file data.txt (compact mmCIF, C-alpha atoms and all ligand atoms)
# COMPACT_ATOMS: atom_id res chain seq x y z
CA MET A 68 131.93 68.90 66.02
CA ARG A 69 134.28 65.97 66.58
CA LEU A 70 133.50 65.44 70.28
CA GLN A 71 129.78 66.19 70.31
CA ASP A 72 127.99 64.60 73.31
CA LYS A 73 131.26 63.36 74.83
CA ARG A 74 132.13 64.00 78.46
CA ALA A 75 135.79 64.55 79.34
CA LEU A 76 137.82 64.85 82.53
CA VAL A 77 141.12 66.75 82.35
CA THR A 78 143.39 66.69 85.40
CA GLY A 79 145.47 69.84 85.75
CA GLY A 80 142.95 71.52 83.47
CA SER A 81 143.25 74.91 85.17
CA ASP A 82 146.56 75.89 83.58
CA GLY A 83 149.10 75.19 80.85
CA ILE A 84 148.71 72.14 78.63
CA GLY A 85 145.62 70.84 80.48
CA LEU A 86 143.81 74.16 80.06
CA ALA A 87 144.59 74.20 76.32
CA ILE A 88 143.36 70.60 75.96
CA ALA A 89 140.16 71.43 77.87
CA GLU A 90 139.54 74.36 75.51
CA GLY A 91 140.20 72.16 72.48
CA PHE A 92 137.66 69.60 73.75
CA LEU A 93 135.02 72.27 74.46
CA ARG A 94 135.45 73.81 71.00
CA GLU A 95 134.69 70.36 69.54
CA GLY A 96 131.48 70.00 71.54
CA ALA A 97 132.52 68.02 74.64
CA ASP A 98 131.47 68.79 78.23
CA VAL A 99 134.57 69.05 80.40
CA LEU A 100 135.38 68.57 84.07
CA ILE A 101 138.71 70.15 85.04
CA VAL A 102 140.58 69.30 88.23
CA GLY A 103 143.34 71.18 90.05
CA ARG A 104 144.21 72.15 93.61
CA ASP A 105 143.86 75.94 93.57
CA ALA A 106 140.19 76.97 93.58
CA GLY A 107 141.07 80.49 92.34
CA LYS A 108 142.91 79.12 89.29
CA LEU A 109 140.02 76.76 88.59
CA GLU A 110 137.50 79.60 88.70
CA ALA A 111 139.67 81.76 86.39
CA ALA A 112 139.89 78.84 83.98
CA ARG A 113 136.12 78.25 84.16
CA LEU A 114 135.44 81.90 83.29
CA LYS A 115 137.84 81.69 80.34
CA LEU A 116 136.45 78.39 79.08
CA ARG A 117 132.71 78.77 79.59
CA VAL A 118 132.23 80.74 76.34
CA HIS A 119 133.10 77.51 74.53
CA GLY A 120 130.73 75.14 76.37
CA ALA A 121 129.82 73.38 79.61
CA VAL A 122 132.67 73.37 82.13
CA GLU A 123 132.67 71.92 85.63
CA THR A 124 135.51 72.32 88.12
CA LEU A 125 136.69 70.32 91.10
CA SER A 126 139.42 71.24 93.55
CA ALA A 127 141.36 68.13 94.58
CA ASP A 128 144.97 67.20 95.26
CA LEU A 129 145.62 64.21 93.02
CA ALA A 130 148.83 63.40 94.86
CA THR A 131 146.59 62.08 97.66
CA ASP A 132 144.19 59.13 97.92
CA THR A 133 141.51 61.52 99.19
CA GLY A 134 141.90 63.72 96.12
CA ILE A 135 141.68 60.78 93.73
CA GLY A 136 138.62 59.50 95.62
CA ALA A 137 136.91 62.90 95.37
CA VAL A 138 137.35 62.99 91.59
CA VAL A 139 136.03 59.44 91.19
CA GLU A 140 133.05 60.35 93.38
CA GLN A 141 132.27 63.42 91.23
CA VAL A 142 132.35 61.32 88.05
CA LYS A 143 130.07 58.75 89.67
CA ARG A 144 127.68 61.41 91.03
CA SER A 145 127.25 63.02 87.61
CA GLY A 146 125.43 59.85 86.53
CA ARG A 147 126.74 60.28 82.97
CA PRO A 148 129.29 57.99 81.34
CA LEU A 149 132.81 59.38 81.00
CA ASP A 150 134.21 59.21 77.46
CA VAL A 151 137.65 60.78 77.85
CA LEU A 152 140.14 60.86 80.73
CA VAL A 153 143.26 63.00 80.38
CA ASN A 154 145.85 62.26 83.06
CA ASN A 155 147.73 65.53 82.67
CA ALA A 156 148.52 66.91 86.14
CA GLY A 157 152.21 66.36 86.80
CA VAL A 158 155.27 67.65 88.57
CA ALA A 159 158.86 67.96 87.31
CA TYR A 160 161.68 67.77 89.83
CA LEU A 161 164.74 68.46 87.72
CA VAL A 162 167.25 67.99 90.52
CA PRO A 163 170.59 66.12 90.57
CA PHE A 164 170.31 62.41 91.35
CA ASP A 165 172.42 62.71 94.50
CA SER A 166 170.17 65.36 96.01
CA VAL A 167 166.74 63.85 95.28
CA ASP A 168 165.05 63.34 98.63
CA GLN A 169 162.30 60.94 99.68
CA ALA A 170 159.65 63.66 99.73
CA GLN A 171 160.39 64.67 96.12
CA PHE A 172 160.47 61.03 95.04
CA GLN A 173 157.16 60.23 96.74
CA HIS A 174 155.45 63.37 95.41
CA SER A 175 156.70 62.80 91.87
CA PHE A 176 155.39 59.23 91.83
CA ALA A 177 152.17 60.11 93.65
CA LEU A 178 151.17 62.65 91.00
CA ASN A 179 152.85 61.43 87.80
CA VAL A 180 152.18 57.70 88.24
CA THR A 181 149.93 56.71 91.16
CA ALA A 182 147.25 59.30 90.31
CA ALA A 183 147.11 58.17 86.66
CA PHE A 184 146.94 54.51 87.77
CA PHE A 185 144.25 54.80 90.44
CA LEU A 186 142.19 57.53 88.80
CA THR A 187 141.93 55.40 85.67
CA GLN A 188 141.06 52.38 87.84
CA GLY A 189 138.51 54.40 89.83
CA VAL A 190 136.60 55.76 86.83
CA LEU A 191 136.77 52.45 84.93
CA PRO A 192 133.20 51.39 85.90
CA HIS A 193 131.93 54.77 84.67
CA PHE A 194 133.51 54.76 81.20
CA GLY A 195 131.18 54.95 78.22
CA ALA A 196 131.54 52.79 75.11
CA GLY A 197 134.74 53.48 73.18
CA ALA A 198 136.30 55.53 75.96
CA SER A 199 139.75 57.08 75.53
CA VAL A 200 142.48 57.53 78.15
CA ILE A 201 145.21 60.03 77.30
CA ASN A 202 148.29 60.22 79.51
CA ILE A 203 150.49 63.30 79.26
CA SER A 204 154.03 61.99 79.32
CA SER A 205 157.22 63.86 78.33
CA TYR A 206 160.15 63.59 75.93
CA PHE A 207 162.20 63.28 79.13
CA ALA A 208 161.02 59.66 79.41
CA GLY A 209 163.51 58.78 76.70
CA LYS A 210 165.66 61.78 75.85
CA MET A 211 167.95 63.44 78.34
CA ILE A 212 169.50 66.89 78.20
CA SER A 213 173.01 67.61 79.35
CA LYS A 214 173.03 69.66 82.57
CA ARG A 215 169.27 69.16 83.09
CA PRO A 216 169.25 66.39 85.71
CA SER A 217 166.10 64.40 85.09
CA SER A 218 166.55 60.99 86.77
CA LEU A 219 163.41 61.32 88.91
CA TYR A 220 161.22 63.01 86.30
CA SER A 221 162.37 60.67 83.53
CA LEU A 222 161.72 57.63 85.73
CA SER A 223 158.18 58.77 86.51
CA LYS A 224 157.32 59.52 82.87
CA GLY A 225 158.91 56.24 81.77
CA ALA A 226 156.60 54.49 84.24
CA LEU A 227 153.64 56.39 82.76
CA ASN A 228 154.62 55.20 79.27
CA SER A 229 154.74 51.60 80.53
CA LEU A 230 151.32 52.05 82.10
CA THR A 231 150.02 53.40 78.78
CA ARG A 232 151.19 50.34 76.86
CA SER A 233 150.13 47.76 79.43
CA LEU A 234 146.67 49.30 79.86
CA ALA A 235 146.20 49.39 76.09
CA PHE A 236 146.50 45.59 76.30
CA GLU A 237 144.44 45.10 79.46
CA LEU A 238 141.62 47.50 78.61
CA GLY A 239 141.55 47.05 74.83
CA PRO A 240 139.23 44.01 75.07
CA ARG A 241 136.72 46.28 76.84
CA GLY A 242 136.89 48.76 73.96
CA ILE A 243 138.91 51.31 75.94
CA ARG A 244 141.81 52.97 74.13
CA VAL A 245 144.90 54.15 76.03
CA ASN A 246 147.49 56.47 74.50
CA ALA A 247 150.08 58.99 75.63
CA ILE A 248 151.24 62.31 74.29
CA ALA A 249 154.90 63.15 74.89
CA PRO A 250 155.30 66.92 74.57
CA GLY A 251 158.60 68.65 73.96
CA THR A 252 159.32 71.77 75.98
CA VAL A 253 156.17 73.86 76.27
CA ASP A 254 155.99 77.39 77.59
CA THR A 255 153.91 76.95 80.77
CA ALA A 256 154.17 77.84 84.45
CA MET A 257 155.88 74.46 85.04
CA ARG A 258 158.59 75.24 82.51
CA ARG A 259 159.07 78.78 83.76
CA LYS A 260 159.39 77.49 87.34
CA THR A 261 162.26 75.16 86.46
CA VAL A 262 164.01 77.56 84.07
CA ASP A 263 163.65 80.76 86.12
CA ASN A 264 165.56 79.10 88.97
CA LEU A 265 168.64 78.54 86.81
CA PRO A 266 171.57 80.98 86.89
CA ALA A 267 171.58 83.52 84.00
CA ALA A 268 174.40 81.73 82.15
CA ALA A 269 172.54 78.41 82.29
CA GLN A 270 169.37 80.08 80.99
CA ALA A 271 171.32 81.56 78.05
CA GLU A 272 172.84 78.14 77.35
CA LEU A 273 169.37 76.57 77.42
CA ARG A 274 168.04 79.18 74.96
CA ALA A 275 170.91 78.44 72.59
CA TYR A 276 170.22 74.72 72.98
CA VAL A 277 166.56 75.22 72.08
CA ASP A 278 167.50 77.29 69.01
CA ARG A 279 169.71 74.56 67.61
CA SER A 280 167.67 71.53 68.76
CA TYR A 281 164.10 72.26 67.70
CA PRO A 282 163.81 71.80 63.93
CA LEU A 283 160.72 74.00 63.90
CA GLY A 284 162.72 76.72 65.62
CA ARG A 285 160.72 77.22 68.80
CA ILE A 286 159.45 75.56 71.93
CA GLY A 287 155.76 74.68 72.14
CA ARG A 288 152.73 76.66 73.17
CA PRO A 289 150.07 74.86 75.21
CA ASP A 290 147.61 74.91 72.31
CA ASP A 291 150.12 73.00 70.14
CA LEU A 292 149.06 69.93 72.15
CA ALA A 293 145.30 70.32 71.80
CA GLY A 294 144.98 68.93 68.26
CA MET A 295 146.48 65.53 69.09
CA ALA A 296 144.40 65.31 72.27
CA VAL A 297 141.21 66.05 70.31
CA TYR A 298 142.14 63.39 67.75
CA LEU A 299 142.87 60.75 70.40
CA ALA A 300 139.63 61.60 72.22
CA SER A 301 137.56 61.37 69.03
CA ASP A 302 136.10 58.41 67.19
CA GLU A 303 138.59 59.13 64.36
CA ALA A 304 141.13 57.38 66.61
CA ALA A 305 138.92 54.28 67.02
CA TRP A 306 141.85 51.96 66.07
CA THR A 307 144.58 53.93 67.85
CA SER A 308 145.77 52.48 71.15
CA GLY A 309 149.05 51.92 72.95
CA GLY A 310 150.71 54.80 71.11
CA ILE A 311 153.08 57.34 72.61
CA PHE A 312 152.90 60.33 70.33
CA ALA A 313 155.71 62.87 70.26
CA ILE A 314 154.36 66.39 69.83
CA ASP A 315 157.58 68.31 70.08
CA GLY A 316 158.37 70.40 67.02
CA GLY A 317 160.58 67.58 65.71
CA TYR A 318 162.86 67.68 68.77
CA THR A 319 163.11 63.91 69.31
CA ALA A 320 163.42 63.13 65.59
CA GLY A 321 167.18 63.64 65.79
N1 LIG B 401 155.66 72.30 80.16
C1 LIG B 401 156.48 71.44 79.60
O1 LIG B 401 157.53 71.82 79.03
C2 LIG B 401 156.14 69.97 79.59
C3 LIG B 401 156.88 69.14 78.74
C4 LIG B 401 156.58 67.78 78.70
C5 LIG B 401 155.58 67.27 79.50
N2 LIG B 401 154.87 68.10 80.33
C6 LIG B 401 153.82 67.50 81.15
O2 LIG B 401 152.60 68.14 80.85
C7 LIG B 401 151.75 68.10 82.00
C8 LIG B 401 151.21 69.49 82.27
O3 LIG B 401 152.31 70.36 82.50
P1 LIG B 401 152.18 71.95 82.36
O4 LIG B 401 153.52 72.43 81.94
O5 LIG B 401 150.97 72.31 81.61
O6 LIG B 401 152.02 72.34 83.92
P2 LIG B 401 151.40 73.64 84.60
O7 LIG B 401 151.27 74.76 83.63
O8 LIG B 401 152.23 73.85 85.83
O9 LIG B 401 149.95 73.17 85.01
C9 LIG B 401 149.80 72.08 85.90
C10 LIG B 401 148.35 71.84 86.16
O10 LIG B 401 148.24 70.71 87.04
C11 LIG B 401 147.58 71.11 88.25
N3 LIG B 401 148.17 70.37 89.35
C12 LIG B 401 149.46 70.40 89.78
N4 LIG B 401 149.61 69.59 90.84
C13 LIG B 401 148.40 69.03 91.09
C14 LIG B 401 147.91 68.13 92.07
N5 LIG B 401 148.70 67.63 93.03
N6 LIG B 401 146.60 67.77 92.02
C15 LIG B 401 145.77 68.26 91.07
N7 LIG B 401 146.18 69.12 90.12
C16 LIG B 401 147.48 69.50 90.14
C17 LIG B 401 147.84 72.62 88.33
O11 LIG B 401 146.87 73.30 89.13
P3 LIG B 401 147.15 73.58 90.71
O12 LIG B 401 148.56 74.07 90.81
O13 LIG B 401 146.13 74.57 91.12
O14 LIG B 401 146.96 72.25 91.38
C18 LIG B 401 147.66 73.00 86.87
O15 LIG B 401 146.30 73.04 86.51
C19 LIG B 401 152.60 67.51 83.14
O16 LIG B 401 152.29 66.16 83.32
C20 LIG B 401 154.01 67.68 82.65
O17 LIG B 401 154.88 66.72 83.20
C21 LIG B 401 155.13 69.44 80.39

call {"tool": "encode", "arguments": {"input": "data.txt", "output": "structure tokens"}}
result
Amino acid sequence: MRLQDKRALVTGGSDGIGLAIAEGFLREGADVLIVGRDAGKLEAARLKLRVHGAVETLSADLATDTGIGAVVEQVKRSGRPLDVLVNNAGVAYLVPFDSVDQAQFQHSFALNVTAAFFLTQGVLPHFGAGASVINISSYFAGKMISKRPSSLYSLSKGALNSLTRSLAFELGPRGIRVNAIAPGTVDTAMRRKTVDNLPAAAQAELRAYVDRSYPLGRIGRPDDLAGMAVYLASDEAAWTSGGIFAIDGGYTAG
């Protein structure tokens, strides 16, 4: 077991990529705390995951200071050091630049950037030796797609990449490693929400784009991300920090 005796916190662990990462951690022997807003989704995830190990849940909105504070408090209350933090909860507003409004901008930054920043800061005193922070970024930080307006989303994930690199420098001397995973398109509720809203012709165009753009011939499944997360969480990655790892079926290689 590669994560035996480690304790991990996965934000957005009740669905999609976060749920798959939480399962990957549990299978390797870690205890996991998953955070999301919807208590029903959290309970469904707990029931699915508990066969693999010890799962705790916490309902909190990480786009708010109160939500971040509640998660920090739970980590503190547990009295056990935290070994792995996965800043995964995120939101994707793929809307044209000229129609982005303040509320979308604030929400995007609150969840994709501010939550990662202040949650990491808040749990810092509770990290165990050799702790690992894993930020879930996106290929959209650096690669744009025609007719998929991503100015706001790309900006927020670019900021998360900068945070990853700067924290690798600031926290490295304390033995804390900070990395990011940049997934390609993954079949999750988030993806379906943005694609299902497109007109039929645009959906067909997107499918054709995927077919010709992904060297491995398909978009990702949530569990395609778990292996890299397990590696980065484990002691095998003891000299890995400041990296932004593309896990995208070869999409950004071209
Ligand atoms: N899917 C993709 O194609 C793709 C590609 C590249 C990067 N990513 C990134 O991967 C991460 C996960 O995406 P996903 O596709 O797995 O999303 P998802 O399936 O929609 O799951 C999102 C998770 O985050 C939780 N969440 C959302 N807003 C939250 C909030 N304000 N506070 C606390 N928890 C919140 C959700 O639970 P509740 O709704 O109950 O809160 C859920 O557990 C995101 O950062 C996303 O930007 C996704």

call {"tool": "residues_around", "arguments": {"input": "data.txt", "residues": "Leu70 of chain A", "least_positions_apart": "2", "cutoff": "6 Å", "atoms": "all atoms listed in the file", "output": "PyMOL selection string"}}
result
chain A and resi 68+73+95-97+301

call {"tool": "write_last_selection", "arguments": {"input": "data.txt", "atoms": "C-alpha atoms", "output": "compact mmCIF listing (two decimals), in the coordinates of the input"}}
result
# COMPACT_ATOMS: atom_id res chain seq x y z
CA MET A 68 131.93 68.90 66.02
CA LYS A 73 131.26 63.36 74.83
CA GLU A 95 134.69 70.36 69.54
CA GLY A 96 131.48 70.00 71.54
CA ALA A 97 132.52 68.02 74.64
CA SER A 301 137.56 61.37 69.03

call {"tool": "closest_residue", "arguments": {"input": "data.txt", "among": "A:Ala127, A:Leu219, A:Leu299, A:Ala304", "to": "ligand LIG 401 (chain B)", "atoms": "all atoms listed in the file"}}
result
A:Ala127

call {"tool": "axis_aligned_box", "arguments": {"input": "data.txt", "around": "segment 156-175 of chain A", "padding_each_side": "6 Å", "output": "JSON"}}
result
{"center_x": 160.5, "center_y": 64.3, "center_z": 92.9, "size_x": 35.9, "size_y": 20.2, "size_z": 25.6}

call {"tool": "residues_near_ligand", "arguments": {"input": "data.txt", "ligand": "ligand LIG 401 (chain B)", "cutoff": "8 Å", "atoms": "all atoms listed in the file", "output": "PyMOL selection string"}}
result
chain A and resi 78-86+102-109+126-131+134+154-159+178-179+203-207+220+224+249-258+287+289

call {"tool": "closest_residue", "arguments": {"input": "data.txt", "among": "A:Val262, A:Ala313, A:Ala121, A:Val180", "to": "Ser229 of chain A", "atoms": "only C-alpha atoms"}}
result
A:Val180

call {"tool": "atom_distance", "arguments": {"input": "data.txt", "atom1": "atom CA of Ile286 of chain A", "atom2": "atom CA of Ala183 of chain A"}}
result
25.9 Å

call {"tool": "closest_residue", "arguments": {"input": "data.txt", "among": "A:Gly309, A:Pro240, A:Gly225, A:Gly316", "to": "Phe176 of chain A", "atoms": "all atoms listed in the file"}}
result
A:Gly225

call {"tool": "residues_around", "arguments": {"input": "data.txt", "residues": "Pro148 of chain A", "least_positions_apart": "2", "cutoff": "6 Å", "atoms": "all atoms listed in the file", "output": "mmCIF file with C-alpha atoms, keeping the file's coordinate frame"}}
result
data_model
loop_
_atom_site.group_PDB
_atom_site.id
_atom_site.type_symbol
_atom_site.label_atom_id
_atom_site.label_comp_id
_atom_site.auth_asym_id
_atom_site.auth_seq_id
_atom_site.Cartn_x
_atom_site.Cartn_y
_atom_site.Cartn_z
ATOM 1 C CA HIS A 193 131.930 54.770 84.670
ATOM 2 C CA PHE A 194 133.510 54.760 81.200
ATOM 3 C CA GLY A 195 131.180 54.950 78.220
#

call {"tool": "closest_residue", "arguments": {"input": "data.txt", "among": "A:Ser280, A:Gln173, A:Ile201, A:Lys214", "to": "Ala320 of chain A", "atoms": "all atoms listed in the file"}}
result
A:Ser280

call {"tool": "atom_distance", "arguments": {"input": "data.txt", "atom1": "atom CA of Leu292 of chain A", "atom2": "atom CA of Ile311 of chain A"}}
result
13.2 Å

call {"tool": "decode", "arguments": {"input": "data.txt", "residues": "segment 231-293 of chain A", "atoms": "C-alpha atoms", "output": "compact mmCIF listing (two decimals), in the first residue's frame"}}
result
# COMPACT_ATOMS: atom_id res chain seq x y z
CA THR A 231 1.64 25.89 -7.59
CA ARG A 232 5.08 27.04 -8.70
CA SER A 233 5.45 29.84 -6.16
CA LEU A 234 4.35 27.63 -3.26
CA ALA A 235 6.78 24.92 -4.34
CA PHE A 236 9.47 27.54 -3.66
CA GLU A 237 7.98 28.97 -0.47
CA LEU A 238 7.00 25.69 1.16
CA GLY A 239 9.81 23.48 -0.16
CA PRO A 240 12.16 24.49 2.68
CA ARG A 241 9.54 23.12 5.11
CA GLY A 242 9.53 19.79 3.27
CA ILE A 243 6.12 20.40 1.67
CA ARG A 244 5.78 19.48 -2.01
CA VAL A 245 3.36 21.36 -4.28
CA ASN A 246 2.36 20.09 -7.72
CA ALA A 247 -0.53 20.41 -10.15
CA ILE A 248 -2.27 18.00 -12.46
CA ALA A 249 -3.64 19.50 -15.68
CA PRO A 250 -6.31 17.14 -17.01
CA GLY A 251 -7.53 17.14 -20.59
CA THR A 252 -11.26 16.84 -21.13
CA VAL A 253 -12.73 14.35 -18.69
CA ASP A 254 -16.23 12.94 -18.81
CA THR A 255 -17.76 14.35 -15.61
CA ALA A 256 -20.86 16.31 -14.58
CA MET A 257 -18.86 19.54 -15.12
CA ARG A 258 -18.06 18.62 -18.70
CA ARG A 259 -21.59 17.46 -19.44
CA LYS A 260 -22.98 20.72 -18.02
CA THR A 261 -20.92 22.86 -20.40
CA VAL A 262 -21.34 20.60 -23.45
CA ASP A 263 -25.05 19.79 -23.04
CA ASN A 264 -25.84 23.51 -23.25
CA LEU A 265 -24.31 23.83 -26.72
CA PRO A 266 -26.47 23.67 -29.85
CA ALA A 267 -26.51 20.24 -31.57
CA ALA A 268 -24.23 21.38 -34.40
CA ALA A 269 -21.64 22.70 -31.95
CA GLN A 270 -21.75 19.42 -30.01
CA ALA A 271 -21.14 17.47 -33.23
CA GLU A 272 -18.25 19.80 -34.08
CA LEU A 273 -16.78 19.27 -30.62
CA ARG A 274 -17.02 15.47 -30.98
CA ALA A 275 -15.19 15.66 -34.31
CA TYR A 276 -12.58 17.91 -32.70
CA VAL A 277 -12.02 15.38 -29.91
CA ASP A 278 -11.67 12.53 -32.42
CA ARG A 279 -8.92 14.29 -34.32
CA SER A 280 -7.19 16.00 -31.36
CA TYR A 281 -6.70 13.28 -28.76
CA PRO A 282 -3.88 10.99 -29.89
CA LEU A 283 -5.22 8.24 -27.64
CA GLY A 284 -8.59 8.56 -29.36
CA ARG A 285 -10.84 9.43 -26.44
CA ILE A 286 -11.50 11.93 -23.70
CA GLY A 287 -10.62 10.98 -20.13
CA ARG A 288 -12.49 9.07 -17.48
CA PRO A 289 -12.21 10.33 -13.89
CA ASP A 290 -10.12 7.33 -12.85
CA ASP A 291 -7.51 8.22 -15.51
CA LEU A 292 -6.41 10.94 -13.08
CA ALA A 293 -6.11 8.80 -9.96
